[in-house]
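Next comes protein.txt, a file with compact mmCIF, C-alpha atoms.
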# COMPACT_ATOMS: atom_id res chain seq x y z
CA MET X 1 -20.94 -43.29 -45.39
CA LEU X 2 -21.29 -43.78 -41.68
CA LEU X 3 -17.59 -44.60 -41.50
CA LEU X 4 -16.66 -41.22 -42.90
CA ALA X 5 -18.62 -39.33 -40.27
CA GLU X 6 -16.51 -37.75 -37.58
CA ASN X 7 -17.27 -38.86 -34.03
CA PRO X 8 -18.57 -35.76 -32.20
CA LEU X 9 -17.02 -37.14 -29.01
CA ASN X 10 -13.57 -36.52 -30.47
CA GLU X 11 -14.12 -32.81 -30.93
CA SER X 12 -13.25 -31.68 -27.42
CA PRO X 13 -10.11 -32.88 -25.61
CA LEU X 14 -12.13 -32.83 -22.40
CA THR X 15 -14.64 -35.48 -23.44
CA PHE X 16 -12.37 -38.46 -22.94
CA PRO X 17 -11.15 -37.63 -19.41
CA VAL X 18 -14.65 -36.64 -18.28
CA LEU X 19 -16.03 -39.94 -19.58
CA GLU X 20 -13.23 -41.76 -17.79
CA CYS X 21 -14.24 -40.13 -14.50
CA ILE X 22 -17.85 -41.23 -15.04
CA HIS X 23 -16.55 -44.70 -15.91
CA ILE X 24 -14.61 -44.85 -12.61
CA ILE X 25 -17.61 -43.70 -10.57
CA GLY X 26 -19.77 -46.27 -12.40
CA PHE X 27 -17.50 -49.13 -11.49
CA ALA X 28 -17.08 -47.91 -7.91
CA PHE X 29 -20.85 -48.35 -7.66
CA SER X 30 -21.09 -51.71 -9.42
CA VAL X 31 -17.88 -53.45 -8.35
CA GLY X 32 -18.10 -51.80 -4.93
CA THR X 33 -21.56 -53.14 -4.18
CA ILE X 34 -20.78 -56.58 -5.63
CA ALA X 35 -17.60 -56.71 -3.51
CA LEU X 36 -19.69 -55.88 -0.45
CA VAL X 37 -21.73 -59.05 -1.01
CA ASP X 38 -18.53 -61.00 -1.73
CA LEU X 39 -16.84 -59.82 1.46
CA ARG X 40 -19.97 -60.88 3.37
CA LEU X 41 -19.86 -64.30 1.73
CA LEU X 42 -16.23 -64.56 2.82
CA GLY X 43 -17.20 -63.59 6.36
CA VAL X 44 -14.99 -60.49 6.30
CA THR X 45 -17.53 -57.76 7.04
CA MET X 46 -21.24 -56.87 7.44
CA LEU X 47 -21.77 -59.96 9.62
CA ARG X 48 -24.96 -58.53 11.16
CA GLN X 49 -26.62 -58.95 7.76
CA THR X 50 -26.93 -61.99 5.54
CA ALA X 51 -25.47 -62.01 2.04
CA ALA X 52 -29.00 -62.37 0.69
CA GLU X 53 -30.10 -59.19 2.48
CA LEU X 54 -27.11 -57.26 1.20
CA LEU X 55 -27.70 -58.53 -2.31
CA ARG X 56 -31.30 -57.32 -2.18
CA ASP X 57 -30.24 -53.96 -0.73
CA THR X 58 -27.61 -53.23 -3.34
CA ARG X 59 -29.15 -54.81 -6.44
CA LEU X 60 -30.40 -51.59 -8.01
CA TRP X 61 -27.19 -49.68 -7.29
CA THR X 62 -25.16 -52.50 -8.83
CA LEU X 63 -27.31 -52.44 -11.94
CA GLY X 64 -27.12 -48.64 -12.15
CA GLY X 65 -23.34 -48.82 -11.84
CA ILE X 66 -23.06 -51.49 -14.54
CA VAL X 67 -25.25 -49.50 -16.93
CA THR X 68 -23.23 -46.31 -16.27
CA MET X 69 -19.91 -48.02 -16.79
CA ILE X 70 -21.03 -49.80 -19.97
CA LEU X 71 -22.52 -46.65 -21.53
CA SER X 72 -19.46 -44.53 -20.70
CA GLY X 73 -17.26 -47.45 -21.76
CA LEU X 74 -18.96 -47.65 -25.15
CA MET X 75 -18.39 -43.93 -25.66
CA LEU X 76 -14.72 -44.28 -24.68
CA PHE X 77 -14.43 -47.18 -27.10
CA SER X 78 -15.98 -45.14 -29.89
CA SER X 79 -13.18 -42.55 -29.64
CA ASP X 80 -10.74 -44.99 -31.23
CA PRO X 81 -12.41 -48.35 -32.01
CA ASP X 82 -9.61 -49.55 -34.25
CA MET X 83 -7.01 -49.22 -31.52
CA TYR X 84 -9.19 -50.97 -28.93
CA TYR X 85 -10.18 -53.75 -31.32
CA ARG X 86 -6.53 -54.65 -31.91
CA ASN X 87 -5.44 -54.19 -28.30
CA ALA X 88 -4.78 -57.55 -26.58
CA SER X 89 -5.52 -56.13 -23.15
CA PHE X 90 -8.85 -54.72 -24.32
CA VAL X 91 -9.87 -58.10 -25.72
CA PHE X 92 -8.88 -59.73 -22.43
CA LYS X 93 -10.92 -57.11 -20.56
CA MET X 94 -14.02 -57.72 -22.69
CA ILE X 95 -13.82 -61.49 -22.17
CA CYS X 96 -13.49 -61.00 -18.40
CA LEU X 97 -16.32 -58.45 -18.40
CA ALA X 98 -18.68 -60.78 -20.24
CA LEU X 99 -17.80 -63.64 -17.86
CA ALA X 100 -18.12 -61.37 -14.81
CA ILE X 101 -21.57 -60.10 -15.79
CA VAL X 102 -22.92 -63.55 -16.68
CA PHE X 103 -21.40 -65.00 -13.50
CA ASN X 104 -22.86 -62.18 -11.41
CA TYR X 105 -26.41 -62.66 -12.62
CA THR X 106 -26.41 -66.48 -12.55
CA ILE X 107 -24.24 -68.42 -10.11
CA HIS X 108 -23.30 -65.45 -7.92
CA ARG X 109 -26.88 -64.36 -7.47
CA SER X 110 -28.26 -67.78 -6.69
CA VAL X 111 -25.48 -68.68 -4.24
CA ALA X 112 -25.68 -65.32 -2.44
CA SER X 113 -29.46 -65.74 -2.10
CA THR X 114 -29.24 -69.11 -0.38
CA LYS X 115 -29.21 -69.14 3.38
CA GLY X 116 -26.24 -69.70 5.65
CA PRO X 117 -22.48 -69.57 5.15
CA SER X 118 -20.98 -72.23 2.95
CA MET X 119 -17.76 -73.23 1.30
CA LYS X 120 -19.54 -72.74 -2.01
CA GLY X 121 -20.25 -69.12 -1.07
CA LYS X 122 -16.58 -68.46 -0.39
CA VAL X 123 -15.44 -69.98 -3.67
CA VAL X 124 -18.05 -67.97 -5.56
CA ALA X 125 -17.00 -64.76 -3.76
CA CYS X 126 -13.33 -65.32 -4.64
CA LEU X 127 -14.22 -66.02 -8.27
CA SER X 128 -16.36 -62.89 -8.43
CA LEU X 129 -13.61 -60.68 -6.95
CA ALA X 130 -11.03 -62.24 -9.27
CA LEU X 131 -13.20 -61.69 -12.36
CA TRP X 132 -13.96 -58.04 -11.57
CA GLY X 133 -10.34 -57.45 -10.57
CA SER X 134 -9.24 -58.84 -13.93
CA VAL X 135 -11.57 -56.43 -15.69
CA VAL X 136 -9.84 -53.50 -13.93
CA PHE X 137 -6.36 -54.89 -14.69
CA GLY X 138 -7.34 -55.41 -18.32
CA GLY X 139 -8.54 -51.82 -18.50
CA ILE X 140 -5.35 -50.31 -17.09
CA PHE X 141 -3.08 -52.43 -19.27
CA ILE X 142 -4.77 -51.17 -22.45
CA ALA X 143 -2.48 -48.15 -22.29
CA PHE X 144 0.62 -50.22 -21.56
CA VAL X 145 0.62 -53.07 -24.07
CA ASN X 146 1.95 -52.71 -27.59
CA GLN X 147 1.20 -56.13 -28.98
CA GLU X 148 -1.45 -55.86 -31.63
CA PHE X 149 -3.94 -58.52 -32.39
CA MET J 1 13.27 -28.30 -0.68
CA ILE J 2 10.22 -30.36 -1.64
CA LEU J 3 11.43 -30.38 -5.23
CA SER J 4 14.87 -31.73 -4.33
CA LEU J 5 13.22 -34.33 -2.12
CA ALA J 6 11.04 -35.37 -5.07
CA GLN J 7 14.06 -35.57 -7.37
CA TRP J 8 15.98 -37.60 -4.81
CA ALA J 9 13.04 -39.98 -4.23
CA GLN J 10 12.51 -40.82 -7.85
CA SER J 11 16.25 -41.29 -8.43
CA THR J 12 16.55 -43.97 -5.74
CA ALA J 13 17.23 -47.48 -7.04
CA PHE J 14 13.82 -48.67 -5.85
CA PHE J 15 11.73 -46.07 -7.66
CA THR J 16 13.98 -46.15 -10.73
CA ALA J 17 13.35 -49.90 -10.99
CA LEU J 18 9.60 -49.38 -10.46
CA ARG J 19 9.52 -46.78 -13.25
CA SER J 20 11.63 -48.75 -15.68
CA SER J 21 9.77 -52.04 -15.54
CA TRP J 22 7.05 -52.21 -18.16
CA TYR J 23 4.62 -54.14 -15.99
CA VAL J 24 5.27 -53.17 -12.35
CA TYR J 25 3.93 -49.64 -12.79
CA PRO J 26 0.64 -50.70 -14.43
CA VAL J 27 0.20 -53.51 -11.87
CA VAL J 28 0.47 -50.99 -9.02
CA LEU J 29 -1.89 -48.66 -10.88
CA SER J 30 -4.38 -51.52 -11.35
CA LEU J 31 -4.26 -52.38 -7.64
CA HIS J 32 -4.84 -48.69 -6.90
CA LEU J 33 -7.98 -48.82 -9.08
CA VAL J 34 -9.20 -52.16 -7.68
CA GLY J 35 -8.93 -50.57 -4.24
CA ILE J 36 -10.91 -47.57 -5.45
CA ALA J 37 -13.61 -49.84 -6.89
CA ILE J 38 -14.07 -51.87 -3.70
CA PHE J 39 -13.49 -49.29 -0.98
CA GLY J 40 -14.71 -46.28 -2.93
CA GLY J 41 -17.89 -48.33 -3.25
CA MET J 42 -18.06 -48.64 0.54
CA VAL J 43 -17.62 -44.88 0.95
CA LEU J 44 -20.42 -44.27 -1.55
CA VAL J 45 -22.76 -46.79 0.08
CA THR J 46 -22.16 -45.43 3.60
CA ASN J 47 -22.71 -41.84 2.56
CA MET J 48 -25.74 -42.62 0.47
CA ARG J 49 -27.27 -44.37 3.46
CA LEU J 50 -26.62 -41.20 5.49
CA MET J 51 -28.40 -39.21 2.80
CA GLY J 52 -31.33 -41.61 2.97
CA LEU J 53 -30.86 -42.74 -0.63
CA ALA J 54 -29.66 -46.32 -0.34
CA LEU J 55 -29.99 -49.37 1.90
CA ARG J 56 -32.81 -47.82 3.85
CA HIS J 57 -33.69 -51.21 5.34
CA ARG J 58 -30.36 -51.24 7.18
CA SER J 59 -29.65 -49.01 10.14
CA ILE J 60 -27.05 -46.28 9.77
CA SER J 61 -24.90 -47.80 12.51
CA ASP J 62 -24.95 -51.20 10.78
CA LEU J 63 -23.17 -49.65 7.81
CA ILE J 64 -20.91 -47.11 9.50
CA ASP J 65 -19.72 -49.37 12.31
CA GLN J 66 -19.28 -52.52 10.26
CA LEU J 67 -17.50 -50.89 7.33
CA ARG J 68 -15.11 -48.78 9.40
CA VAL J 69 -12.33 -51.36 9.63
CA PRO J 70 -12.52 -52.65 6.03
CA LYS J 71 -12.50 -49.06 4.78
CA ARG J 72 -9.30 -48.43 6.73
CA PHE J 73 -7.64 -51.49 5.20
CA GLY J 74 -8.76 -50.25 1.81
CA LEU J 75 -7.35 -46.81 2.43
CA VAL J 76 -3.99 -48.33 3.38
CA LEU J 77 -3.95 -50.38 0.14
CA ILE J 78 -4.92 -47.41 -2.03
CA ALA J 79 -2.52 -45.02 -0.30
CA THR J 80 0.38 -47.47 -0.47
CA CYS J 81 -0.12 -47.93 -4.20
CA GLY J 82 -0.55 -44.18 -4.55
CA VAL J 83 2.74 -43.42 -2.81
CA LEU J 84 4.51 -45.95 -5.05
CA LEU J 85 3.03 -44.31 -8.16
CA LEU J 86 3.97 -40.87 -6.85
CA GLY J 87 7.54 -41.87 -5.95
CA ALA J 88 8.21 -43.27 -9.41
CA LYS J 89 7.45 -39.91 -11.05
CA ALA J 90 7.87 -37.55 -8.11
CA GLU J 91 9.39 -34.64 -10.02
CA GLU J 92 6.65 -34.71 -12.67
CA TYR J 93 4.01 -34.84 -9.95
CA TYR J 94 5.58 -31.87 -8.19
CA TYR J 95 4.73 -29.68 -11.17
CA ASN J 96 1.40 -31.37 -11.95
CA ALA J 97 -1.58 -29.08 -11.28
CA PHE J 98 -4.01 -31.98 -10.89
CA PHE J 99 -1.75 -33.60 -8.32
CA ARG J 100 -1.70 -30.34 -6.36
CA LEU J 101 -5.50 -30.20 -6.59
CA LYS J 102 -5.65 -33.76 -5.30
CA LEU J 103 -3.47 -32.85 -2.30
CA LEU J 104 -5.70 -29.85 -1.62
CA LEU J 105 -8.76 -32.11 -1.67
CA PHE J 106 -7.05 -34.50 0.76
CA GLY J 107 -6.52 -31.52 3.04
CA LEU J 108 -10.24 -30.69 2.80
CA ILE J 109 -11.14 -34.33 3.53
CA PHE J 110 -9.02 -34.13 6.66
CA VAL J 111 -10.87 -30.97 7.73
CA HIS J 112 -14.20 -32.64 6.88
CA GLY J 113 -13.34 -35.59 9.10
CA TRP J 114 -12.27 -33.29 11.88
CA ILE J 115 -15.57 -31.40 11.71
CA PHE J 116 -18.04 -34.27 11.28
CA ARG J 117 -16.23 -37.12 13.02
CA GLY J 118 -17.84 -36.68 16.44
CA SER J 119 -21.28 -35.46 15.40
CA VAL J 120 -21.90 -37.91 12.56
CA TYR J 121 -19.50 -40.77 11.94
CA TYR J 122 -18.96 -41.70 15.59
CA SER J 123 -22.58 -41.03 16.58
CA ALA J 124 -24.18 -43.64 14.38
CA SER J 125 -26.36 -45.11 17.12
CA GLU J 126 -27.67 -41.63 17.92
CA LEU J 127 -28.57 -41.18 14.26
CA ASP J 128 -30.41 -44.52 14.40
CA HIS J 129 -32.66 -43.16 17.16
CA ALA J 130 -33.68 -40.21 15.00
CA SER J 131 -34.61 -42.61 12.19
CA PRO J 132 -36.42 -42.51 9.81
CA ARG J 133 -35.64 -38.77 9.94
CA ILE J 134 -32.00 -38.09 9.18
CA PRO J 135 -30.49 -34.96 10.79
CA GLY J 136 -29.36 -32.24 8.42
CA ARG J 137 -25.77 -32.39 9.60
CA ALA J 138 -25.55 -36.06 8.60
CA LYS J 139 -26.87 -35.34 5.12
CA LEU J 140 -24.51 -32.40 4.77
CA ALA J 141 -21.53 -34.47 5.91
CA ALA J 142 -22.45 -37.28 3.51
CA SER J 143 -22.94 -35.09 0.46
CA LEU J 144 -19.71 -33.19 1.10
CA SER J 145 -17.86 -36.46 1.58
CA ILE J 146 -19.13 -37.85 -1.72
CA LEU J 147 -18.26 -34.60 -3.48
CA LEU J 148 -14.73 -34.56 -2.05
CA TRP J 149 -13.97 -38.23 -2.81
CA VAL J 150 -15.38 -37.99 -6.34
CA GLY J 151 -13.20 -34.90 -6.72
CA VAL J 152 -10.16 -36.87 -5.58
CA ALA J 153 -10.88 -39.61 -8.11
CA CYS J 154 -11.35 -37.12 -10.95
CA ALA J 155 -8.24 -35.12 -10.03
CA GLY J 156 -6.33 -38.39 -9.90
CA ARG J 157 -7.47 -39.25 -13.40
CA GLY J 158 -6.49 -35.76 -14.50
CA ILE J 159 -2.87 -36.25 -13.40
CA GLY J 160 -2.27 -38.51 -16.38
CA TYR J 161 -3.32 -35.81 -18.81
CA ILE J 162 -0.74 -33.19 -17.93
CA ASP J 163 2.82 -33.68 -19.04
CA PRO J 164 4.91 -30.99 -17.33
CA PRO J 165 7.61 -29.90 -19.82
CA LEU J 166 10.50 -31.07 -17.67
CA ASP J 167 13.11 -30.49 -20.39
CA LYS J 168 12.23 -26.80 -20.56
CA ILE J 169 12.09 -26.45 -16.79
CA HIS J 170 15.52 -28.07 -16.48
CA ALA J 171 17.00 -25.87 -19.21
CA ARG J 172 15.71 -22.72 -17.51
CA LYS J 173 17.21 -23.81 -14.20
CA VAL J 174 20.61 -24.55 -15.72
CA ALA J 175 21.01 -21.71 -18.20
CA GLY J 176 18.23 -19.16 -17.79
CA PRO J 177 15.04 -18.34 -19.70
CA ARG J 178 16.68 -18.01 -23.13
CA ALA J 179 17.98 -21.54 -23.01
CA ALA J 180 14.50 -22.73 -22.10
CA LYS J 181 13.17 -21.26 -25.33
CA LEU J 182 15.99 -22.83 -27.32
CA ALA J 183 15.33 -26.17 -25.69
CA SER J 184 11.88 -26.22 -27.22
CA VAL J 185 12.07 -29.90 -27.90
CA LYS J 186 8.55 -30.84 -28.73
CA SER J 187 6.89 -31.82 -25.51
CA PRO J 188 3.13 -31.98 -25.78
CA ARG J 189 1.44 -30.42 -22.78
CA ILE J 190 -1.54 -32.66 -23.03
CA ARG J 191 -1.27 -36.36 -23.64
CA LYS J 192 -3.86 -39.01 -23.89
CA GLY J 193 -4.16 -40.92 -20.66
CA SER J 194 -4.61 -44.61 -20.20
CA GLY J 195 -7.38 -46.20 -22.23
CA LEU J 196 -9.14 -47.76 -19.24

Could you render the structure from this file as structure tokens?
Amino acid sequence: MLLLAENPLNESPLTFPVLECIHIIGFAFSVGTIALVDLRLLGVTMLRQTAAELLRDTRLWTLGGIVTMILSGLMLFSSDPDMYYRNASFVFKMICLALAIVFNYTIHRSVASTKGPSMKGKVVACLSLALWGSVVFGGIFIAFVNQEF
Amino acid sequence: MILSLAQWAQSTAFFTALRSSWYVYPVVLSLHLVGIAIFGGMVLVTNMRLMGLALRHRSISDLIDQLRVPKRFGLVLIATCGVLLLGAKAEEYYYNAFFRLKLLLFGLIFVHGWIFRGSVYYSASELDHASPRIPGRAKLAASLSILLWVGVACAGRGIGYIDPPLDKIHARKVAGPRAAKLASVKSPRIRKGSGL
């Protein structure tokens, strides 16, 4: 019965693009603040602060961004779940997203909280940037791949 | 003049190749978005500090001065990708209302920088002295900046949703308005954008 119900989000042609804009702002907050910590770990910028300080400063904004992007993402997904489910790029994106979030709240957090610059910090920063970058690539390619799963 | 420049640009071998490859275009688009995520984040963080909303333990100058150079690198990356995306579909963009809106917003951002540059963004240490009170002009500059950049991002997303009916436009140019009606090959005015 639930399957027969029409998704109210599909009623207006404006819903999808508006949700996409919210999605973009959400990931500018989350990925942007995570990247700030990563760039500090790499010694690129914000050298007057430690990575641990930056992590503490941005933690709530990162979380807010992640929640925003997941909620808007779920709504975008609900507009055409069948298409997304079969889309190879979407599946790739979801795997990267799961890895990125788990990585962010385990290894990334503990390494960024430890004092002093280290090789480990740089490796972790590169991995974090690569994971979040892959999520973005996976998202864009959804509209460009035809292979179905 | 601008139109013929757009048509010439997208017909060059370079932009034709960019448009024709199935993966180069989305790769450039992805890099554009990765840039927005990282450096858009920096713009948000800086401005929210100016509004007194985020990173209140850090001084204003710590953020503004330290992020200036990375933000410039980011802007170069985003703009380079943007120009590549534009060149590949220059004629379509010429007619695209959201693209025109985006250009207008860029113009406003330029004016914004011109107005607030000296009194806010290059006076960070002065703003630090006023701390914890933040002068009204800094809050105004920051909120306008956020509004304008969010507007740019949204207008950019909107570009993908308008499909200017180029076949009709071409027909009208070649053989007048009647031919344009005859050439009513189905071209949907609104298409679904990328899935993100």

Chain J residues near chain X within 8 Å, closest pair each, using only C-alpha atoms, as a Markdown table:
| residue | atom | partner | partner_atom | distance |
| --- | --- | --- | --- | --- |
| J:Trp22 | CA | X:Phe144 | CA | 7.5 |
| J:Tyr23 | CA | X:Phe144 | CA | 7.9 |
| J:Pro26 | CA | X:Phe141 | CA | 6.3 |
| J:Val27 | CA | X:Phe137 | CA | 7.3 |
| J:Leu29 | CA | X:Ile140 | CA | 7.3 |
| J:Ser30 | CA | X:Phe137 | CA | 5.1 |
| J:Leu31 | CA | X:Phe137 | CA | 7.8 |
| J:Leu33 | CA | X:Val136 | CA | 7.0 |
| J:Val34 | CA | X:Gly133 | CA | 6.1 |
| J:Ile36 | CA | X:Ala28 | CA | 6.7 |
| J:Ala37 | CA | X:Ala28 | CA | 4.1 |
| J:Ile38 | CA | X:Gly32 | CA | 4.2 |
| J:Phe39 | CA | X:Gly32 | CA | 6.6 |
| J:Gly40 | CA | X:Ala28 | CA | 5.8 |
| J:Gly41 | CA | X:Gly32 | CA | 3.9 |
| J:Met42 | CA | X:Gly32 | CA | 6.3 |
| J:Leu44 | CA | X:Phe29 | CA | 7.4 |
| J:Val45 | CA | X:Thr33 | CA | 7.7 |
| J:Ala54 | CA | X:Asp57 | CA | 7.7 |
| J:Leu55 | CA | X:Asp57 | CA | 5.3 |
| J:His57 | CA | X:Asp57 | CA | 7.5 |
| J:Asp62 | CA | X:Arg48 | CA | 7.3 |
| J:Leu63 | CA | X:Met46 | CA | 7.5 |
| J:Gln66 | CA | X:Met46 | CA | 5.5 |
| J:Leu67 | CA | X:Thr45 | CA | 6.9 |
| J:Pro70 | CA | X:Thr45 | CA | 7.2 |
| J:Val150 | CA | X:Ile25 | CA | 7.4 |
| J:Ala153 | CA | X:Cys21 | CA | 7.2 |
| J:Cys154 | CA | X:Cys21 | CA | 5.5 |
| J:Arg157 | CA | X:Cys21 | CA | 6.9 |
| J:Gly158 | CA | X:Pro17 | CA | 7.0 |
| J:Gly193 | CA | X:Ala143 | CA | 7.6 |
| J:Ser194 | CA | X:Ala143 | CA | 4.6 |
| J:Gly195 | CA | X:Ala143 | CA | 5.3 |
| J:Leu196 | CA | X:Gly139 | CA | 4.2 |

Could you tell me how far CA of Leu148 (chain J) lies from CA of Ile109 (chain J), in Å and to one decimal? 6.6 Å

With all atoms listed in the file as the atoms that count, which of J:His32, J:Lys71, J:Arg19, J:Arg49 lies nearest to Ile134 (chain J)?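 Closest candidate: J:Arg49.
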
As an exercise, work out the distance from CA of Tyr95 (chain J) to CA of Leu77 (chain J) in Å and give it to one decimal place.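 The value is 25.1 Å.
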
Work out how far apart CA of Thr106 (chain X) and CA of Ser59 (chain J) are and give it in Å to one decimal. 28.8 Å

Give me, as a VMD selection string, all polymer residues having an atom no more than 9 Å from region 116-120 of chain X, counting only C-alpha atoms and skipping those fewer than 6 positions away in the same chain. chain X and resid 41 to 43 50 to 51

Could you check which of J:Val120, J:Ala88, J:Leu75, J:Val43 is closest to Leu147 (chain J), using all atoms listed in the file?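 Smallest distance to Leu147 (chain J) is found for J:Val43.
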
Would you list the contacts of region 96-106 of chain J as a tab-separated table (two decimals) with C-alpha atoms, keeping the file's coordinate frame, taking every protein, DNA or RNA residue within 7 Å and counting only C-alpha atoms, but skipping same-chain residues closer than 3 positions in sequence?
chain	number	residue	atom	x	y	z
J	92	GLU	CA	6.65	-34.71	-12.67
J	93	TYR	CA	4.01	-34.84	-9.95
J	109	ILE	CA	-11.14	-34.33	3.53
J	110	PHE	CA	-9.02	-34.13	6.66
J	148	LEU	CA	-14.73	-34.56	-2.05
J	152	VAL	CA	-10.16	-36.87	-5.58
J	155	ALA	CA	-8.24	-35.12	-10.03
J	156	GLY	CA	-6.33	-38.39	-9.90
J	158	GLY	CA	-6.49	-35.76	-14.50
J	159	ILE	CA	-2.87	-36.25	-13.40
J	162	ILE	CA	-0.74	-33.19	-17.93
J	164	PRO	CA	4.91	-30.99	-17.33

Just checking: using only C-alpha atoms, which residue out of X:Ile101, X:Leu71, X:Ile107, X:Val37 ends up closest to Leu19 (chain X)?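 Comparing X:Ile101, X:Leu71, X:Ile107, X:Val37 against Leu19 (chain X), the winner is X:Leu71.
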
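With all atoms listed in the file as the basis for measurement, X:His108 is the residue among X:Asn146, X:His108, X:Leu74, X:Thr114 that approaches Asp38 (chain X) most closely.
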